[in-house]
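Peer 1: Next comes the structure file query-v3.cif, holding mmCIF, C-alpha atoms.
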```cif
data_my_file
loop_
_atom_site.group_PDB
_atom_site.id
_atom_site.type_symbol
_atom_site.label_atom_id
_atom_site.label_comp_id
_atom_site.auth_asym_id
_atom_site.auth_seq_id
_atom_site.Cartn_x
_atom_site.Cartn_y
_atom_site.Cartn_z
ATOM 1 C CA MET A 1 35.035 106.997 99.569
ATOM 2 C CA SER A 2 34.666 107.103 103.341
ATOM 3 C CA ARG A 3 31.373 105.486 104.228
ATOM 4 C CA ILE A 4 31.709 106.243 107.934
ATOM 5 C CA GLY A 5 32.662 109.878 107.342
ATOM 6 C CA ASN A 6 29.575 110.498 105.210
ATOM 7 C CA LYS A 7 27.119 109.267 107.849
ATOM 8 C CA HIS A 8 25.234 111.972 109.757
ATOM 9 C CA ILE A 9 25.125 112.064 113.569
ATOM 10 C CA GLU A 10 21.807 112.679 115.325
ATOM 11 C CA LEU A 11 22.284 114.764 118.480
ATOM 12 C CA PRO A 12 20.448 113.437 121.561
ATOM 13 C CA ALA A 13 18.464 115.838 123.750
ATOM 14 C CA GLY A 14 20.683 118.024 125.950
ATOM 15 C CA VAL A 15 23.849 117.649 123.849
ATOM 16 C CA THR A 16 25.429 120.609 122.041
ATOM 17 C CA VAL A 17 28.282 120.572 119.523
ATOM 18 C CA GLU A 18 30.361 123.672 118.733
ATOM 19 C CA GLN A 19 33.426 124.208 116.581
ATOM 20 C CA ALA A 20 36.242 126.456 117.815
ATOM 21 C CA ASP A 21 39.356 126.633 115.607
ATOM 22 C CA ASN A 22 40.586 123.051 115.142
ATOM 23 C CA LYS A 23 38.597 121.571 118.022
ATOM 24 C CA VAL A 24 35.047 120.381 118.471
ATOM 25 C CA LYS A 25 33.491 121.043 121.878
ATOM 26 C CA VAL A 26 30.841 118.471 122.848
ATOM 27 C CA THR A 27 28.769 119.330 125.934
ATOM 28 C CA GLY A 28 26.122 117.140 127.531
ATOM 29 C CA PRO A 29 24.549 116.190 130.856
ATOM 30 C CA LYS A 30 27.591 114.121 131.953
ATOM 31 C CA GLY A 31 30.300 116.668 131.060
ATOM 32 C CA THR A 32 32.333 118.260 128.285
ATOM 33 C CA LEU A 33 34.812 116.717 125.851
ATOM 34 C CA TYR A 34 37.064 118.242 123.195
ATOM 35 C CA VAL A 35 37.859 116.413 119.938
ATOM 36 C CA ALA A 36 40.584 117.491 117.497
ATOM 37 C CA LEU A 37 39.336 118.411 114.020
ATOM 38 C CA ASN A 38 41.980 117.526 111.423
ATOM 39 C CA ASN A 39 42.979 119.886 108.609
ATOM 40 C CA GLY A 40 40.869 119.379 105.497
ATOM 41 C CA ILE A 41 37.763 118.280 107.412
ATOM 42 C CA SER A 42 34.910 120.703 108.051
ATOM 43 C CA MET A 43 31.943 120.206 110.362
ATOM 44 C CA SER A 44 28.433 121.604 110.001
ATOM 45 C CA VAL A 45 25.540 121.501 112.487
ATOM 46 C CA GLU A 46 22.017 121.899 111.105
ATOM 47 C CA GLY A 47 19.291 121.527 113.702
ATOM 48 C CA ASN A 48 20.150 118.351 115.571
ATOM 49 C CA VAL A 49 22.196 116.762 112.755
ATOM 50 C CA VAL A 50 26.006 116.936 112.562
ATOM 51 C CA SER A 51 27.765 116.215 109.269
ATOM 52 C CA PHE A 52 31.384 116.259 108.093
ATOM 53 C CA LYS A 53 32.827 117.209 104.711
ATOM 54 C CA ARG A 54 36.355 116.867 103.376
ATOM 55 C CA ALA A 55 38.186 119.512 101.367
ATOM 56 C CA ASN A 56 39.650 117.160 98.735
ATOM 57 C CA ASP A 57 40.178 113.485 98.013
ATOM 58 C CA THR A 58 43.818 112.990 98.971
ATOM 59 C CA LYS A 59 44.496 109.712 100.722
ATOM 60 C CA GLN A 60 45.289 111.188 104.168
ATOM 61 C CA ILE A 61 42.215 113.428 104.247
ATOM 62 C CA LYS A 62 39.995 110.519 103.178
ATOM 63 C CA GLN A 63 41.434 108.463 106.061
ATOM 64 C CA ASN A 64 40.916 111.298 108.560
ATOM 65 C CA HIS A 65 37.311 111.852 107.427
ATOM 66 C CA GLY A 66 35.940 108.668 109.004
ATOM 67 C CA THR A 67 38.222 108.917 112.030
ATOM 68 C CA VAL A 68 37.110 112.434 112.956
ATOM 69 C CA ARG A 69 33.451 111.496 112.534
ATOM 70 C CA ALA A 70 33.876 108.394 114.730
ATOM 71 C CA ASN A 71 35.720 110.355 117.440
ATOM 72 C CA VAL A 72 32.996 113.030 117.567
ATOM 73 C CA ASN A 73 30.301 110.329 117.666
ATOM 74 C CA ASN A 74 32.109 108.640 120.584
ATOM 75 C CA ALA A 75 32.278 111.981 122.406
ATOM 76 C CA ILE A 76 28.540 112.562 121.872
ATOM 77 C CA THR A 77 27.736 109.092 123.223
ATOM 78 C CA GLY A 78 30.096 109.659 126.169
ATOM 79 C CA VAL A 79 28.579 112.959 127.323
ATOM 80 C CA SER A 80 25.016 111.634 126.951
ATOM 81 C CA LYS A 81 25.222 107.996 128.160
ATOM 82 C CA GLY A 82 28.805 107.405 129.295
ATOM 83 C CA TYR A 83 30.943 104.291 128.881
ATOM 84 C CA VAL A 84 31.258 101.313 131.242
ATOM 85 C CA LYS A 85 33.657 98.358 131.171
ATOM 86 C CA GLU A 86 33.260 95.542 133.686
ATOM 87 C CA LEU A 87 36.000 93.109 134.628
ATOM 88 C CA GLU A 88 35.966 90.003 136.819
ATOM 89 C CA MET A 89 38.771 88.252 138.669
ATOM 90 C CA ILE A 90 38.847 84.456 138.643
ATOM 91 C CA GLY A 91 41.303 82.582 140.862
ATOM 92 C CA ILE A 92 41.876 81.653 144.481
ATOM 93 C CA GLY A 93 43.076 84.642 146.484
ATOM 94 C CA TYR A 94 42.528 87.109 143.648
ATOM 95 C CA LYS A 95 40.859 90.262 144.904
ATOM 96 C CA ALA A 96 40.820 94.025 144.525
ATOM 97 C CA GLN A 97 39.959 96.981 146.706
ATOM 98 C CA MET A 98 39.918 100.729 146.384
ATOM 99 C CA LYS A 99 42.782 102.713 147.898
ATOM 100 C CA GLY A 100 41.635 106.307 147.564
ATOM 101 C CA GLU A 101 40.982 106.785 143.856
ATOM 102 C CA ASN A 102 43.472 104.059 142.911
ATOM 103 C CA ILE A 103 42.730 100.350 142.768
ATOM 104 C CA GLU A 104 44.889 97.827 144.648
ATOM 105 C CA ILE A 105 44.976 94.319 143.161
ATOM 106 C CA TRP A 106 46.062 90.988 144.661
ATOM 107 C CA ALA A 107 46.554 88.648 141.695
ATOM 108 C CA GLY A 108 48.863 85.837 142.798
ATOM 109 C CA TYR A 109 52.055 87.872 143.020
ATOM 110 C CA SER A 110 54.192 88.326 146.142
ATOM 111 C CA HIS A 111 53.177 92.001 146.110
ATOM 112 C CA THR A 112 50.093 94.042 145.395
ATOM 113 C CA VAL A 113 49.680 96.053 142.207
ATOM 114 C CA VAL A 114 48.304 99.602 142.442
ATOM 115 C CA ILE A 115 46.794 101.131 139.324
ATOM 116 C CA LYS A 116 45.967 104.805 138.965
ATOM 117 C CA PRO A 117 42.988 105.381 136.634
ATOM 118 C CA GLU A 118 43.181 107.791 133.697
ATOM 119 C CA ALA A 119 41.873 111.327 134.183
ATOM 120 C CA GLY A 120 38.073 111.487 134.254
ATOM 121 C CA VAL A 121 37.631 107.749 134.910
ATOM 122 C CA LYS A 122 35.962 106.319 138.014
ATOM 123 C CA VAL A 123 36.765 102.793 139.178
ATOM 124 C CA SER A 124 34.668 100.839 141.693
ATOM 125 C CA VAL A 125 34.958 97.344 143.180
ATOM 126 C CA ASP A 126 32.037 95.088 144.092
ATOM 127 C CA ASN A 127 32.379 91.814 146.077
ATOM 128 C CA LEU A 128 36.208 92.089 145.913
ATOM 129 C CA VAL A 129 36.288 90.426 142.456
ATOM 130 C CA ASN A 130 34.049 92.538 140.190
ATOM 131 C CA ILE A 131 35.602 95.755 138.901
ATOM 132 C CA LYS A 132 33.628 98.484 137.137
ATOM 133 C CA VAL A 133 35.377 101.195 135.097
ATOM 134 C CA GLU A 134 33.208 104.117 133.960
ATOM 135 C CA GLY A 135 33.612 107.568 132.446
ATOM 136 C CA ILE A 136 32.721 109.798 129.512
ATOM 137 C CA ASP A 137 35.908 109.378 127.433
ATOM 138 C CA LYS A 138 35.820 106.047 125.563
ATOM 139 C CA GLN A 139 39.598 105.930 125.090
ATOM 140 C CA ALA A 140 40.360 106.619 128.767
ATOM 141 C CA VAL A 141 37.832 104.008 129.979
ATOM 142 C CA GLY A 142 39.247 101.383 127.619
ATOM 143 C CA GLN A 143 42.849 102.207 128.545
ATOM 144 C CA THR A 144 42.174 101.962 132.292
ATOM 145 C CA ALA A 145 40.355 98.640 131.825
ATOM 146 C CA ALA A 146 43.255 97.342 129.718
ATOM 147 C CA LEU A 147 45.782 98.353 132.410
ATOM 148 C CA ILE A 148 43.785 96.434 135.025
ATOM 149 C CA ARG A 149 43.462 93.344 132.785
ATOM 150 C CA GLU A 150 47.183 93.508 131.978
ATOM 151 C CA VAL A 151 48.047 92.779 135.648
ATOM 152 C CA ARG A 152 47.052 89.111 135.180
ATOM 153 C CA PRO A 153 45.512 88.204 131.783
ATOM 154 C CA PRO A 154 43.504 84.944 131.709
ATOM 155 C CA GLU A 155 45.745 81.934 131.262
ATOM 156 C CA PRO A 156 44.778 79.228 128.739
ATOM 157 C CA TYR A 157 44.775 76.107 130.944
ATOM 158 C CA LEU A 158 42.527 76.933 133.921
ATOM 159 C CA GLY A 159 41.258 80.342 132.784
ATOM 160 C CA LYS A 160 42.451 82.093 135.960
ATOM 161 C CA GLY A 161 43.151 85.808 135.756
ATOM 162 C CA ILE A 162 41.409 89.112 135.141
ATOM 163 C CA ARG A 163 38.999 89.196 132.204
ATOM 164 C CA TYR A 164 36.274 91.390 130.799
ATOM 165 C CA LYS A 165 32.798 90.376 131.937
ATOM 166 C CA GLY A 166 31.400 87.964 129.353
ATOM 167 C CA GLU A 167 34.790 87.391 127.683
ATOM 168 C CA HIS A 168 35.203 83.863 126.375
ATOM 169 C CA VAL A 169 38.610 82.354 127.127
ATOM 170 C CA VAL A 170 39.511 79.328 125.001
ATOM 171 C CA THR A 171 41.127 76.740 127.259
ATOM 172 C CA LYS A 172 43.654 74.144 126.140
ATOM 173 C CA GLU A 173 43.764 70.584 127.301
ATOM 174 C CA GLY A 174 46.817 69.792 129.372
ATOM 175 C CA LYS A 175 49.568 67.202 128.864
ATOM 176 C CA ARG A 176 47.693 64.563 130.848
ATOM 177 C CA ALA A 177 44.672 64.685 128.548
ATOM 178 C CA GLY A 178 46.698 63.656 125.489
ATOM 179 C CA ALA A 179 48.904 61.105 127.305
ATOM 180 C CA GLY A 180 46.487 58.176 126.967
ATOM 181 C CA LYS A 181 46.522 58.110 123.171
#
```
Do you think you could lay out the structure here as structure tokens?
Peer 2:
Amino acid sequence: MSRIGNKHIELPAGVTVEQADNKVKVTGPKGTLYVALNNGISMSVEGNVVSFKRANDTKQIKQNHGTVRANVNNAITGVSKGYVKELEMIGIGYKAQMKGENIEIWAGYSHTVVIKPEAGVKVSVDNLVNIKVEGIDKQAVGQTAALIREVRPPEPYLGKGIRYKGEHVVTKEGKRAGAGK
């Protein structure tokens, strides 16, 4: 039994949900998103409550039940509040700046790295080392943030690199620390 798929979604003020063929159209103050509705899953809107039902209990439809509900819930949150991921660069000479809509990163290489954000995602840089990725599509925001972090992930000895704000990086002790034993 899908526990996630059976949960109801409360619609915030200003958000509308409509079903058209095999897509769900979610409209809110920040924009519009479309979510695919898998075969065997039906959606019903009663007042400001959205619920999902499955046609039968085959394994694939049971798996899709929770996934569709979660994707629609993410779309509702995106068009009402939006999603934000913040990254920080730690290391001497590490910096970033905007180049049009793209972000240009200096991260200890002999060249700069230019990253183009996903469609519908806005990237901004503050103090040359703090990067903010925001948008209404959770997947696109996460993917753009992952592409930026992938340029120079935090290394385990000094912790230098690009990391999510608040991310804890476990550091190792070096060779010299264990040499005196």
Peer 1: To one decimal in Å, tell me the separation between atom CA of A:Tyr109 and atom CA of A:Ile162.
Peer 2: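 Computing the Euclidean distance for atom CA of A:Tyr109 and atom CA of A:Ile162 yields 13.3 Å.
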Peer 1: Can you pull out every residue within 9 Å of A:Glu18, counting only C-alpha atoms, but drop anything in the same chain fewer than 3 positions away, and send it as a list in words?
Peer 2: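 Skipping anything fewer than 3 positions along the chain leaves Lys23, Val24, Lys25, Val26, Thr27 and Val45 of chain A.
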Peer 1: With all atoms listed in the file as the counted atoms, please give the residues lying no more than 7 Å from stretch 67-77 of chain A, apart from itself and same-chain residues fewer than 3 positions off, as a PyMOL selection string.
Peer 2: chain A and resi 5+9+26+33+35+37+52+63-64+80-82+137-138
Peer 1: Using all atoms listed in the file, determine which residues lie at most 7 Å from stretch 148-157 of chain A, disregarding the query and same-chain residues fewer than 2 positions distant; provide the list as number ranges by chain.
Peer 2: A: 107, 144-146, 159-163, 170-174
Peer 1: Deliver the residues from the most recent selection as a file, using C-alpha atoms, as a PDB file, in the coordinates of the input.
Peer 2:
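And here's result.pdb as it stands now:
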```
ATOM      1  CA  ALA A 107      46.554  88.648 141.695  1.00  0.00           C
ATOM      2  CA  THR A 144      42.174 101.962 132.292  1.00  0.00           C
ATOM      3  CA  ALA A 145      40.355  98.640 131.825  1.00  0.00           C
ATOM      4  CA  ALA A 146      43.255  97.342 129.718  1.00  0.00           C
ATOM      5  CA  GLY A 159      41.258  80.342 132.784  1.00  0.00           C
ATOM      6  CA  LYS A 160      42.451  82.093 135.960  1.00  0.00           C
ATOM      7  CA  GLY A 161      43.151  85.808 135.756  1.00  0.00           C
ATOM      8  CA  ILE A 162      41.409  89.112 135.141  1.00  0.00           C
ATOM      9  CA  ARG A 163      38.999  89.196 132.204  1.00  0.00           C
ATOM     10  CA  VAL A 170      39.511  79.328 125.001  1.00  0.00           C
ATOM     11  CA  THR A 171      41.127  76.740 127.259  1.00  0.00           C
ATOM     12  CA  LYS A 172      43.654  74.144 126.140  1.00  0.00           C
ATOM     13  CA  GLU A 173      43.764  70.584 127.301  1.00  0.00           C
ATOM     14  CA  GLY A 174      46.817  69.792 129.372  1.00  0.00           C
TER      15      GLY A 174
END
```
Peer 1: Find the residues near A:Gly66: any atom within 8 Å, counting all atoms listed in the file, skip ones fewer than 5 places away on the same chain, and give them as a list in words.
Peer 2: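 Contacts, in chain order: Ser2, Arg3, Ile4, Gly5 and Asn6 of chain A.
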Peer 1: Can you translate the PyMOL selection byres ((chain A and resi 133) around 9) into the concrete residues it hits in this file, as a list in words?
Peer 2: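 In the shown coordinates, the PyMOL selection byres ((chain A and resi 133) around 9) covers Tyr83, Val84, Lys85, Glu86, Leu87, Pro117, Val121, Lys122, Val123, Ser124, Val125, Ile131, Lys132, Glu134, Gly135, Val141, Gly142, Thr144 and Ala145 of chain A.
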Peer 1: For stretch 99-103 of chain A, list every protein, DNA or RNA residue within 6 Å, evaluated using only C-alpha atoms, and leave out those in the same chain fewer than 3 positions away; present the list as a PDB file with C-alpha atoms, keeping the file's coordinate frame.
Peer 2:
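Result written to out27.pdb:
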```
ATOM      1  CA  VAL A 114      48.304  99.602 142.442  1.00  0.00           C
ATOM      2  CA  ILE A 115      46.794 101.131 139.324  1.00  0.00           C
ATOM      3  CA  LYS A 116      45.967 104.805 138.965  1.00  0.00           C
TER       4      LYS A 116
END
```
Peer 1: Would you fill the gaps in stretch 50-66 of chain A so it has N, CA and C atoms, then print it as a compact mmCIF listing (two decimals), keeping the file's coordinate frame?
Peer 2:
```txt
# COMPACT_ATOMS: atom_id res chain seq x y z
N VAL A 50 24.62 116.53 112.77
CA VAL A 50 26.01 116.94 112.56
C VAL A 50 26.53 116.17 111.35
N SER A 51 27.18 116.87 110.43
CA SER A 51 27.76 116.22 109.27
C SER A 51 29.18 116.73 109.04
N PHE A 52 29.98 115.93 108.35
CA PHE A 52 31.38 116.26 108.09
C PHE A 52 31.65 116.19 106.60
N LYS A 53 32.43 117.16 106.12
CA LYS A 53 32.83 117.21 104.71
C LYS A 53 34.35 117.30 104.64
N ARG A 54 34.91 116.77 103.55
CA ARG A 54 36.35 116.87 103.38
C ARG A 54 36.66 117.83 102.24
N ALA A 55 37.81 118.48 102.33
CA ALA A 55 38.19 119.51 101.37
C ALA A 55 38.55 118.92 100.01
N ASN A 56 39.27 117.80 100.00
CA ASN A 56 39.65 117.16 98.74
C ASN A 56 39.74 115.65 98.96
N ASP A 57 40.16 114.95 97.94
CA ASP A 57 40.18 113.48 98.01
C ASP A 57 41.58 112.90 98.09
N THR A 58 42.50 113.59 98.76
CA THR A 58 43.82 112.99 98.97
C THR A 58 43.67 111.85 99.98
N LYS A 59 44.60 110.93 99.92
CA LYS A 59 44.50 109.71 100.72
C LYS A 59 44.40 110.01 102.22
N GLN A 60 45.26 110.90 102.73
CA GLN A 60 45.29 111.19 104.17
C GLN A 60 43.99 111.84 104.63
N ILE A 61 43.45 112.76 103.85
CA ILE A 61 42.22 113.43 104.25
C ILE A 61 41.04 112.45 104.21
N LYS A 62 41.05 111.54 103.23
CA LYS A 62 39.99 110.52 103.18
C LYS A 62 40.06 109.62 104.42
N GLN A 63 41.28 109.29 104.86
CA GLN A 63 41.43 108.46 106.06
C GLN A 63 40.98 109.21 107.30
N ASN A 64 41.30 110.51 107.39
CA ASN A 64 40.92 111.30 108.56
C ASN A 64 39.42 111.56 108.62
N HIS A 65 38.74 111.54 107.49
CA HIS A 65 37.31 111.85 107.43
C HIS A 65 36.50 110.93 108.34
N GLY A 66 36.67 109.63 108.18
CA GLY A 66 35.94 108.67 109.00
C GLY A 66 36.40 108.68 110.45
```
